[in-house]
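data.tsv, holding TSV, N, CA and C atoms:
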chain	number	residue	atom	x	y	z
A	28	MET	N	-3.32	7.57	14.48
A	28	MET	CA	-3.76	6.29	15.00
A	28	MET	C	-3.81	5.27	13.87
A	29	ILE	N	-3.24	4.13	14.10
A	29	ILE	CA	-3.24	3.08	13.08
A	29	ILE	C	-4.66	2.59	12.90
A	30	SER	N	-5.10	2.57	11.65
A	30	SER	CA	-6.46	2.13	11.33
A	30	SER	C	-6.45	0.63	11.05
A	31	SER	N	-7.09	-0.13	11.93
A	31	SER	CA	-7.17	-1.57	11.69
A	31	SER	C	-8.01	-1.85	10.45
A	32	GLU	N	-8.93	-0.94	10.12
A	32	GLU	CA	-9.74	-1.10	8.91
A	32	GLU	C	-8.86	-1.03	7.66
A	33	VAL	N	-7.95	-0.06	7.62
A	33	VAL	CA	-7.02	0.09	6.49
A	33	VAL	C	-6.10	-1.14	6.41
A	34	ILE	N	-5.53	-1.51	7.55
A	34	ILE	CA	-4.62	-2.66	7.58
A	34	ILE	C	-5.34	-3.93	7.14
A	35	ASN	N	-6.53	-4.16	7.68
A	35	ASN	CA	-7.27	-5.37	7.34
A	35	ASN	C	-7.68	-5.41	5.87
A	36	ALA	N	-8.00	-4.27	5.29
A	36	ALA	CA	-8.32	-4.23	3.86
A	36	ALA	C	-7.10	-4.62	3.03
A	37	MET	N	-5.94	-4.15	3.41
A	37	MET	CA	-4.71	-4.51	2.70
A	37	MET	C	-4.38	-5.99	2.89
A	38	ILE	N	-4.60	-6.50	4.09
A	38	ILE	CA	-4.35	-7.92	4.36
A	38	ILE	C	-5.31	-8.78	3.53
A	39	ASP	N	-6.56	-8.36	3.41
A	39	ASP	CA	-7.51	-9.10	2.57
A	39	ASP	C	-7.03	-9.15	1.12
A	40	LEU	N	-6.50	-8.04	0.63
A	40	LEU	CA	-5.96	-8.00	-0.73
A	40	LEU	C	-4.76	-8.95	-0.86
A	41	ILE	N	-3.89	-8.93	0.14
A	41	ILE	CA	-2.75	-9.84	0.14
A	41	ILE	C	-3.23	-11.28	0.12
A	42	ASP	N	-4.19	-11.61	0.97
A	42	ASP	CA	-4.71	-12.99	1.04
A	42	ASP	C	-5.29	-13.44	-0.29
A	43	GLU	N	-6.06	-12.57	-0.95
A	43	GLU	CA	-6.64	-12.91	-2.26
A	43	GLU	C	-5.55	-13.24	-3.27
A	44	ASN	N	-4.52	-12.41	-3.29
A	44	ASN	CA	-3.43	-12.61	-4.24
A	44	ASN	C	-2.62	-13.84	-3.91
A	45	ILE	N	-2.40	-14.11	-2.65
A	45	ILE	CA	-1.66	-15.30	-2.26
A	45	ILE	C	-2.43	-16.56	-2.66
A	46	ARG	N	-3.75	-16.53	-2.50
A	46	ARG	CA	-4.55	-17.70	-2.93
A	46	ARG	C	-4.35	-17.98	-4.42
A	47	LEU	N	-4.38	-16.93	-5.24
A	47	LEU	CA	-4.18	-17.12	-6.68
A	47	LEU	C	-2.76	-17.59	-6.97
A	48	ILE	N	-1.79	-17.00	-6.30
A	48	ILE	CA	-0.40	-17.40	-6.49
A	48	ILE	C	-0.22	-18.88	-6.15
A	49	GLU	N	-0.81	-19.31	-5.04
A	49	GLU	CA	-0.68	-20.72	-4.64
A	49	GLU	C	-1.36	-21.65	-5.63
A	50	GLU	N	-2.46	-21.20	-6.21
A	50	GLU	CA	-3.15	-22.00	-7.23
A	50	GLU	C	-2.26	-22.12	-8.48
A	51	ILE	N	-1.68	-21.02	-8.90
A	51	ILE	CA	-0.83	-21.02	-10.09
A	51	ILE	C	0.43	-21.86	-9.87
A	52	ARG	N	1.02	-21.73	-8.70
A	52	ARG	CA	2.28	-22.44	-8.46
A	52	ARG	C	2.11	-23.93	-8.23
A	53	SER	N	0.88	-24.41	-8.14
A	53	SER	CA	0.66	-25.84	-7.93
A	53	SER	C	1.01	-26.66	-9.18
A	54	GLN	N	1.17	-25.98	-10.30
A	54	GLN	CA	1.56	-26.67	-11.53
A	54	GLN	C	3.09	-26.77	-11.63
A	55	SER	N	3.55	-27.52	-12.57
A	55	SER	CA	4.99	-27.63	-12.78
A	55	SER	C	5.52	-26.34	-13.38
A	56	PHE	N	6.83	-26.14	-13.25
A	56	PHE	CA	7.44	-24.96	-13.87
A	56	PHE	C	7.25	-24.98	-15.38
A	57	GLU	N	7.39	-26.16	-15.98
A	57	GLU	CA	7.26	-26.26	-17.43
A	57	GLU	C	5.87	-25.81	-17.89
A	58	SER	N	4.85	-26.28	-17.19
A	58	SER	CA	3.49	-25.89	-17.52
A	58	SER	C	3.29	-24.39	-17.32
A	59	PHE	N	3.79	-23.87	-16.20
A	59	PHE	CA	3.69	-22.45	-15.90
A	59	PHE	C	4.38	-21.61	-16.97
A	60	SER	N	5.60	-21.99	-17.31
A	60	SER	CA	6.41	-21.18	-18.24
A	60	SER	C	5.85	-21.15	-19.66
A	61	ASN	N	4.95	-22.07	-19.96
A	61	ASN	CA	4.34	-22.11	-21.28
A	61	ASN	C	2.93	-21.51	-21.30
A	62	ASN	N	2.53	-20.90	-20.19
A	62	ASN	CA	1.17	-20.35	-20.10
A	62	ASN	C	1.25	-18.85	-19.85
A	63	PHE	N	1.13	-18.07	-20.91
A	63	PHE	CA	1.26	-16.62	-20.83
A	63	PHE	C	0.27	-16.02	-19.83
A	64	ARG	N	-0.96	-16.51	-19.82
A	64	ARG	CA	-1.98	-15.99	-18.90
A	64	ARG	C	-1.57	-16.19	-17.45
A	65	ASP	N	-1.06	-17.35	-17.11
A	65	ASP	CA	-0.63	-17.61	-15.73
A	65	ASP	C	0.59	-16.76	-15.36
A	66	ILE	N	1.50	-16.56	-16.30
A	66	ILE	CA	2.67	-15.71	-16.04
A	66	ILE	C	2.20	-14.29	-15.73
A	67	GLN	N	1.30	-13.77	-16.54
A	67	GLN	CA	0.80	-12.41	-16.33
A	67	GLN	C	0.02	-12.30	-15.02
A	68	ALA	N	-0.79	-13.30	-14.73
A	68	ALA	CA	-1.56	-13.30	-13.48
A	68	ALA	C	-0.62	-13.36	-12.28
A	69	ALA	N	0.43	-14.16	-12.39
A	69	ALA	CA	1.40	-14.27	-11.30
A	69	ALA	C	2.12	-12.94	-11.08
A	70	LYS	N	2.54	-12.31	-12.15
A	70	LYS	CA	3.21	-11.00	-12.04
A	70	LYS	C	2.30	-9.99	-11.34
A	71	HIS	N	1.07	-9.92	-11.80
A	71	HIS	CA	0.13	-8.95	-11.25
A	71	HIS	C	-0.17	-9.25	-9.78
A	72	SER	N	-0.37	-10.51	-9.45
A	72	SER	CA	-0.67	-10.88	-8.06
A	72	SER	C	0.51	-10.62	-7.15
A	73	LEU	N	1.71	-10.90	-7.62
A	73	LEU	CA	2.90	-10.59	-6.83
A	73	LEU	C	3.02	-9.09	-6.61
A	74	GLN	N	2.82	-8.33	-7.68
A	74	GLN	CA	2.91	-6.88	-7.59
A	74	GLN	C	1.90	-6.34	-6.57
A	75	GLU	N	0.65	-6.79	-6.65
A	75	GLU	CA	-0.38	-6.30	-5.73
A	75	GLU	C	-0.08	-6.68	-4.29
A	76	ALA	N	0.38	-7.90	-4.07
A	76	ALA	CA	0.70	-8.33	-2.69
A	76	ALA	C	1.85	-7.51	-2.13
A	77	ILE	N	2.87	-7.29	-2.93
A	77	ILE	CA	4.03	-6.51	-2.50
A	77	ILE	C	3.61	-5.07	-2.21
A	78	GLU	N	2.82	-4.49	-3.11
A	78	GLU	CA	2.38	-3.11	-2.91
A	78	GLU	C	1.49	-2.97	-1.67
A	79	ALA	N	0.68	-3.97	-1.39
A	79	ALA	CA	-0.15	-3.92	-0.18
A	79	ALA	C	0.73	-3.94	1.08
A	80	CYS	N	1.81	-4.72	1.05
A	80	CYS	CA	2.75	-4.71	2.18
A	80	CYS	C	3.38	-3.33	2.34
A	81	LEU	N	3.76	-2.74	1.23
A	81	LEU	CA	4.35	-1.39	1.27
A	81	LEU	C	3.35	-0.37	1.81
A	82	ASP	N	2.09	-0.51	1.40
A	82	ASP	CA	1.06	0.40	1.88
A	82	ASP	C	0.85	0.24	3.39
A	83	ILE	N	0.86	-0.98	3.86
A	83	ILE	CA	0.73	-1.23	5.30
A	83	ILE	C	1.88	-0.57	6.05
A	84	GLY	N	3.09	-0.81	5.54
A	84	GLY	CA	4.27	-0.22	6.18
A	84	GLY	C	4.21	1.30	6.19
A	85	SER	N	3.82	1.89	5.07
A	85	SER	CA	3.70	3.35	4.98
A	85	SER	C	2.66	3.89	5.95
A	86	HIS	N	1.56	3.19	6.07
A	86	HIS	CA	0.50	3.61	6.98
A	86	HIS	C	1.00	3.60	8.43
A	87	ILE	N	1.67	2.53	8.81
A	87	ILE	CA	2.20	2.44	10.18
A	87	ILE	C	3.21	3.56	10.43
A	88	ILE	N	4.12	3.76	9.50
A	88	ILE	CA	5.15	4.79	9.64
A	88	ILE	C	4.51	6.17	9.81
A	89	ALA	N	3.54	6.48	8.97
A	89	ALA	CA	2.89	7.79	9.02
A	89	ALA	C	2.12	7.98	10.33
A	90	GLU	N	1.36	6.98	10.70
A	90	GLU	CA	0.52	7.11	11.89
A	90	GLU	C	1.32	7.12	13.19
A	91	LYS	N	2.45	6.46	13.20
A	91	LYS	CA	3.28	6.42	14.41
A	91	LYS	C	4.30	7.56	14.45
A	92	GLY	N	4.43	8.28	13.35
A	92	GLY	CA	5.37	9.39	13.31
A	92	GLY	C	6.82	8.95	13.27
A	93	PHE	N	7.06	7.77	12.72
A	93	PHE	CA	8.44	7.29	12.55
A	93	PHE	C	9.11	8.12	11.46
A	94	ARG	N	10.42	7.98	11.35
A	94	ARG	CA	11.13	8.74	10.31
A	94	ARG	C	10.58	8.36	8.95
A	95	ARG	N	10.57	9.34	8.07
A	95	ARG	CA	10.03	9.15	6.72
A	95	ARG	C	10.95	8.25	5.91
A	96	ALA	N	10.37	7.27	5.25
A	96	ALA	CA	11.14	6.37	4.39
A	96	ALA	C	11.57	7.11	3.13
A	97	GLU	N	12.79	6.85	2.69
A	97	GLU	CA	13.33	7.51	1.50
A	97	GLU	C	12.84	6.87	0.21
A	98	ASP	N	12.56	5.58	0.26
A	98	ASP	CA	12.08	4.85	-0.91
A	98	ASP	C	11.36	3.60	-0.41
A	99	TYR	N	10.92	2.77	-1.34
A	99	TYR	CA	10.17	1.57	-0.94
A	99	TYR	C	11.00	0.65	-0.06
A	100	LYS	N	12.23	0.42	-0.44
A	100	LYS	CA	13.08	-0.45	0.38
A	100	LYS	C	13.22	0.08	1.81
A	101	ASP	N	13.30	1.39	1.93
A	101	ASP	CA	13.51	2.01	3.23
A	101	ASP	C	12.32	1.84	4.15
A	102	ILE	N	11.14	1.60	3.61
A	102	ILE	CA	9.97	1.35	4.46
A	102	ILE	C	10.28	0.19	5.41
A	103	TYR	N	10.88	-0.86	4.87
A	103	TYR	CA	11.18	-2.02	5.70
A	103	TYR	C	12.31	-1.75	6.67
A	104	LYS	N	13.27	-0.89	6.28
A	104	LYS	CA	14.33	-0.51	7.21
A	104	LYS	C	13.75	0.24	8.41
A	105	VAL	N	12.80	1.13	8.15
A	105	VAL	CA	12.16	1.89	9.24
A	105	VAL	C	11.41	0.93	10.16
A	106	LEU	N	10.67	0.01	9.59
A	106	LEU	CA	9.93	-0.95	10.40
A	106	LEU	C	10.87	-1.83	11.23
A	107	GLU	N	12.02	-2.14	10.65
A	107	GLU	CA	13.04	-2.90	11.39
A	107	GLU	C	13.59	-2.05	12.53
A	108	GLU	N	13.93	-0.80	12.25
A	108	GLU	CA	14.47	0.10	13.29
A	108	GLU	C	13.50	0.25	14.46
A	109	GLU	N	12.22	0.19	14.17
A	109	GLU	CA	11.21	0.37	15.20
A	109	GLU	C	10.80	-0.95	15.87
A	110	GLY	N	11.44	-2.05	15.47
A	110	GLY	CA	11.20	-3.33	16.10
A	110	GLY	C	9.92	-4.04	15.67
A	111	ILE	N	9.36	-3.62	14.56
A	111	ILE	CA	8.11	-4.22	14.09
A	111	ILE	C	8.39	-5.49	13.30
A	112	ILE	N	9.47	-5.49	12.53
A	112	ILE	CA	9.93	-6.70	11.83
A	112	ILE	C	11.40	-6.90	12.15
A	113	ASP	N	11.86	-8.13	12.01
A	113	ASP	CA	13.28	-8.41	12.30
A	113	ASP	C	14.15	-8.14	11.08
A	114	SER	N	15.44	-8.15	11.30
A	114	SER	CA	16.39	-7.78	10.23
A	114	SER	C	16.39	-8.77	9.07
A	115	VAL	N	16.17	-10.04	9.35
A	115	VAL	CA	16.16	-11.05	8.28
A	115	VAL	C	14.96	-10.80	7.35
A	116	LEU	N	13.79	-10.61	7.95
A	116	LEU	CA	12.60	-10.36	7.14
A	116	LEU	C	12.73	-9.02	6.42
A	117	SER	N	13.28	-8.02	7.08
A	117	SER	CA	13.48	-6.72	6.46
A	117	SER	C	14.31	-6.85	5.19
A	118	ALA	N	15.41	-7.58	5.26
A	118	ALA	CA	16.28	-7.75	4.09
A	118	ALA	C	15.54	-8.45	2.95
A	119	LYS	N	14.76	-9.48	3.28
A	119	LYS	CA	14.02	-10.20	2.25
A	119	LYS	C	12.96	-9.32	1.61
A	120	LEU	N	12.27	-8.53	2.43
A	120	LEU	CA	11.23	-7.66	1.90
A	120	LEU	C	11.81	-6.50	1.09
A	121	GLN	N	13.02	-6.08	1.44
A	121	GLN	CA	13.68	-5.05	0.62
A	121	GLN	C	13.95	-5.59	-0.78
A	122	GLU	N	14.36	-6.85	-0.86
A	122	GLU	CA	14.56	-7.48	-2.17
A	122	GLU	C	13.24	-7.57	-2.93
A	123	MET	N	12.18	-7.87	-2.18
A	123	MET	CA	10.85	-7.97	-2.78
A	123	MET	C	10.43	-6.60	-3.35
A	124	ALA	N	10.76	-5.53	-2.64
A	124	ALA	CA	10.44	-4.18	-3.13
A	124	ALA	C	11.19	-3.89	-4.44
A	125	GLN	N	12.43	-4.34	-4.52
A	125	GLN	CA	13.19	-4.17	-5.77
A	125	GLN	C	12.55	-4.96	-6.91
A	126	PHE	N	12.09	-6.17	-6.59
A	126	PHE	CA	11.43	-7.00	-7.59
A	126	PHE	C	10.15	-6.32	-8.09
A	127	ARG	N	9.42	-5.69	-7.16
A	127	ARG	CA	8.22	-4.95	-7.52
A	127	ARG	C	8.56	-3.86	-8.55
A	128	ASN	N	9.67	-3.18	-8.35
A	128	ASN	CA	10.09	-2.13	-9.29
A	128	ASN	C	10.34	-2.72	-10.67
A	129	LEU	N	10.94	-3.90	-10.72
A	129	LEU	CA	11.15	-4.56	-12.02
A	129	LEU	C	9.81	-4.85	-12.70
A	130	LEU	N	8.85	-5.34	-11.92
A	130	LEU	CA	7.55	-5.66	-12.48
A	130	LEU	C	6.83	-4.41	-13.00
A	131	VAL	N	6.87	-3.36	-12.23
A	131	VAL	CA	6.13	-2.14	-12.56
A	131	VAL	C	6.77	-1.40	-13.73
A	132	HIS	N	8.07	-1.24	-13.66
A	132	HIS	CA	8.75	-0.40	-14.65
A	132	HIS	C	9.29	-1.17	-15.84
A	133	ARG	N	9.20	-2.50	-15.78
A	133	ARG	CA	9.62	-3.35	-16.89
A	133	ARG	C	11.00	-2.99	-17.39
A	134	TYR	N	11.94	-2.94	-16.46
A	134	TYR	CA	13.31	-2.59	-16.82
A	134	TYR	C	13.93	-3.60	-17.77
A	135	GLY	N	13.36	-4.71	-17.86
A	135	GLY	CA	13.82	-5.77	-18.75
A	135	GLY	C	12.86	-6.91	-18.58
A	136	LYS	N	13.01	-7.87	-19.39
A	136	LYS	CA	12.13	-9.02	-19.26
A	136	LYS	C	12.41	-9.71	-17.93
A	137	VAL	N	11.37	-9.92	-17.16
A	137	VAL	CA	11.51	-10.59	-15.88
A	137	VAL	C	11.56	-12.08	-16.14
A	138	ASP	N	12.58	-12.71	-15.62
A	138	ASP	CA	12.80	-14.14	-15.83
A	138	ASP	C	11.65	-14.96	-15.25
A	139	THR	N	11.07	-15.81	-16.07
A	139	THR	CA	9.94	-16.64	-15.65
A	139	THR	C	10.32	-17.57	-14.50
A	140	ARG	N	11.53	-18.09	-14.53
A	140	ARG	CA	11.96	-18.98	-13.45
A	140	ARG	C	12.01	-18.21	-12.12
A	141	ARG	N	12.47	-16.97	-12.18
A	141	ARG	CA	12.53	-16.15	-10.96
A	141	ARG	C	11.12	-15.93	-10.40
A	142	ILE	N	10.17	-15.67	-11.27
A	142	ILE	CA	8.78	-15.49	-10.82
A	142	ILE	C	8.30	-16.75	-10.12
A	143	PHE	N	8.58	-17.90	-10.72
A	143	PHE	CA	8.13	-19.17	-10.16
A	143	PHE	C	8.79	-19.42	-8.80
A	144	ILE	N	10.06	-19.11	-8.67
A	144	ILE	CA	10.77	-19.29	-7.39
A	144	ILE	C	10.17	-18.37	-6.33
A	145	ILE	N	9.92	-17.13	-6.69
A	145	ILE	CA	9.32	-16.20	-5.73
A	145	ILE	C	7.95	-16.70	-5.30
A	146	MET	N	7.17	-17.19	-6.24
A	146	MET	CA	5.85	-17.74	-5.90
A	146	MET	C	5.97	-18.95	-4.99
A	147	SER	N	6.99	-19.76	-5.21
A	147	SER	CA	7.13	-21.01	-4.48
A	147	SER	C	7.79	-20.85	-3.12
A	148	GLU	N	8.71	-19.91	-3.00
A	148	GLU	CA	9.50	-19.80	-1.78
A	148	GLU	C	9.32	-18.46	-1.07
A	149	ASP	N	9.50	-17.37	-1.79
A	149	ASP	CA	9.56	-16.06	-1.16
A	149	ASP	C	8.21	-15.50	-0.74
A	150	ILE	N	7.12	-16.04	-1.25
A	150	ILE	CA	5.80	-15.55	-0.86
A	150	ILE	C	5.56	-15.76	0.63
A	151	ASN	N	6.28	-16.70	1.22
A	151	ASN	CA	6.15	-16.93	2.66
A	151	ASN	C	6.63	-15.71	3.46
A	152	ASP	N	7.52	-14.92	2.89
A	152	ASP	CA	7.97	-13.70	3.56
A	152	ASP	C	6.82	-12.70	3.69
A	153	VAL	N	5.96	-12.67	2.70
A	153	VAL	CA	4.78	-11.79	2.76
A	153	VAL	C	3.86	-12.27	3.87
A	154	LYS	N	3.67	-13.58	3.96
A	154	LYS	CA	2.83	-14.13	5.03
A	154	LYS	C	3.41	-13.81	6.41
A	155	GLU	N	4.72	-13.90	6.53
A	155	GLU	CA	5.38	-13.58	7.80
A	155	GLU	C	5.23	-12.10	8.14
A	156	PHE	N	5.31	-11.25	7.14
A	156	PHE	CA	5.11	-9.81	7.35
A	156	PHE	C	3.72	-9.56	7.92
A	157	VAL	N	2.72	-10.19	7.34
A	157	VAL	CA	1.34	-10.02	7.81
A	157	VAL	C	1.23	-10.45	9.27
A	158	LYS	N	1.84	-11.57	9.62
A	158	LYS	CA	1.80	-12.04	11.02
A	158	LYS	C	2.43	-11.03	11.96
A	159	MET	N	3.58	-10.49	11.58
A	159	MET	CA	4.27	-9.53	12.44
A	159	MET	C	3.47	-8.24	12.58
A	160	VAL	N	2.85	-7.80	11.51
A	160	VAL	CA	2.04	-6.58	11.57
A	160	VAL	C	0.84	-6.80	12.49
A	161	LEU	N	0.16	-7.93	12.32
A	161	LEU	CA	-0.98	-8.22	13.17
A	161	LEU	C	-0.57	-8.29	14.65
A	162	ARG	N	0.56	-8.89	14.90
A	162	ARG	CA	1.07	-8.96	16.26
A	162	ARG	C	1.33	-7.54	16.81
A	163	TYR	N	1.84	-6.69	15.96
A	163	TYR	CA	2.16	-5.33	16.37
A	163	TYR	C	0.91	-4.50	16.67
A	164	ILE	N	-0.12	-4.63	15.82
A	164	ILE	CA	-1.29	-3.76	15.99
A	164	ILE	C	-2.30	-4.31	17.00
A	165	ASN	N	-2.20	-5.57	17.32
A	165	ASN	CA	-3.16	-6.17	18.28
A	165	ASN	C	-2.66	-6.18	19.70
Would you put the structure from the file into structure tokens?
Amino acid sequence: MISSEVINAMIDLIDENIRLIEEIRSQSFESFSNNFRDIQAAKHSLQEAIEACLDIGSHIIAEKGFRRAEDYKDIYKVLEEEGIIDSVLSAKLQEMAQFRNLLVHRYGKVDTRRIFIIMSEDINDVKEFVKMVLRYIN
């Protein structure tokens, strides 16, 4: 059974991180790119928001008995297959899962401009995911 308590706790975490991300992104790119503390806070907040989405997806998959996801990207494919999210959002969130791997494993220096773009544009995909999940569980 899907636990609304678990889902809501993850959504609260997402909301907290989005608030910080929106505060940080209100500055210019130049100001952001010269502030190490804001860059680190943005990376961490993005990572936490993305991981909370993955946790929500994993919880739904496990509780509904959907096919097991092979990796983080596949979580969104499973949710798409089951009609919980659409294919466009699934593709965007799969990219977000890859970005999370870059942040966590530090495969190379993450481009500051890319972080700023994700904060400014792609964070809306996380908000859309939350809406679709809430629609699904309610």
**OP:** If you run DSSP over the backbone, which residues in segment 88-144 of chain A end up helix (DSSP H, G or I)? Put them as a ChimeraX atom specification.
**Re:** /A:88-91,99-108,114-132,139-144
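We find atom C of Glu75 of chain A and atom C of Asn44 of chain A to be spaced 7.6 Å apart.
Interatomic distance, atom CA of Glu108 of chain A to atom CA of Asn151 of chain A: 21.7 Å.
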**OP:** Using all atoms listed in the file, determine which residues lie at most 6 Å from segment 122-135 of chain A, disregarding the query and same-chain residues fewer than 3 positions distant; provide the list as a ChimeraX atom specification.
**Re:** /A:74,99-100,118-119
Original post:
Do you know which residues are at most 8 Å from Ser117 of chain A counting all atoms listed in the file, after dropping those on the same chain fewer than 2 positions away, and could you put them as a PyMOL selection string?
Top reply: chain A and resi 100+102-104+106-107+112-115+119-123
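Taking all atoms listed in the file into account, Lys91 of chain A lies nearest to A:Met28 out of the set A:Val33, A:Ser55, A:Arg141, A:Met28.
Atom pair atom CA of Asp101 of chain A / atom N of Ile38 of chain A has a distance of 20.0 Å (rounded to one decimal).
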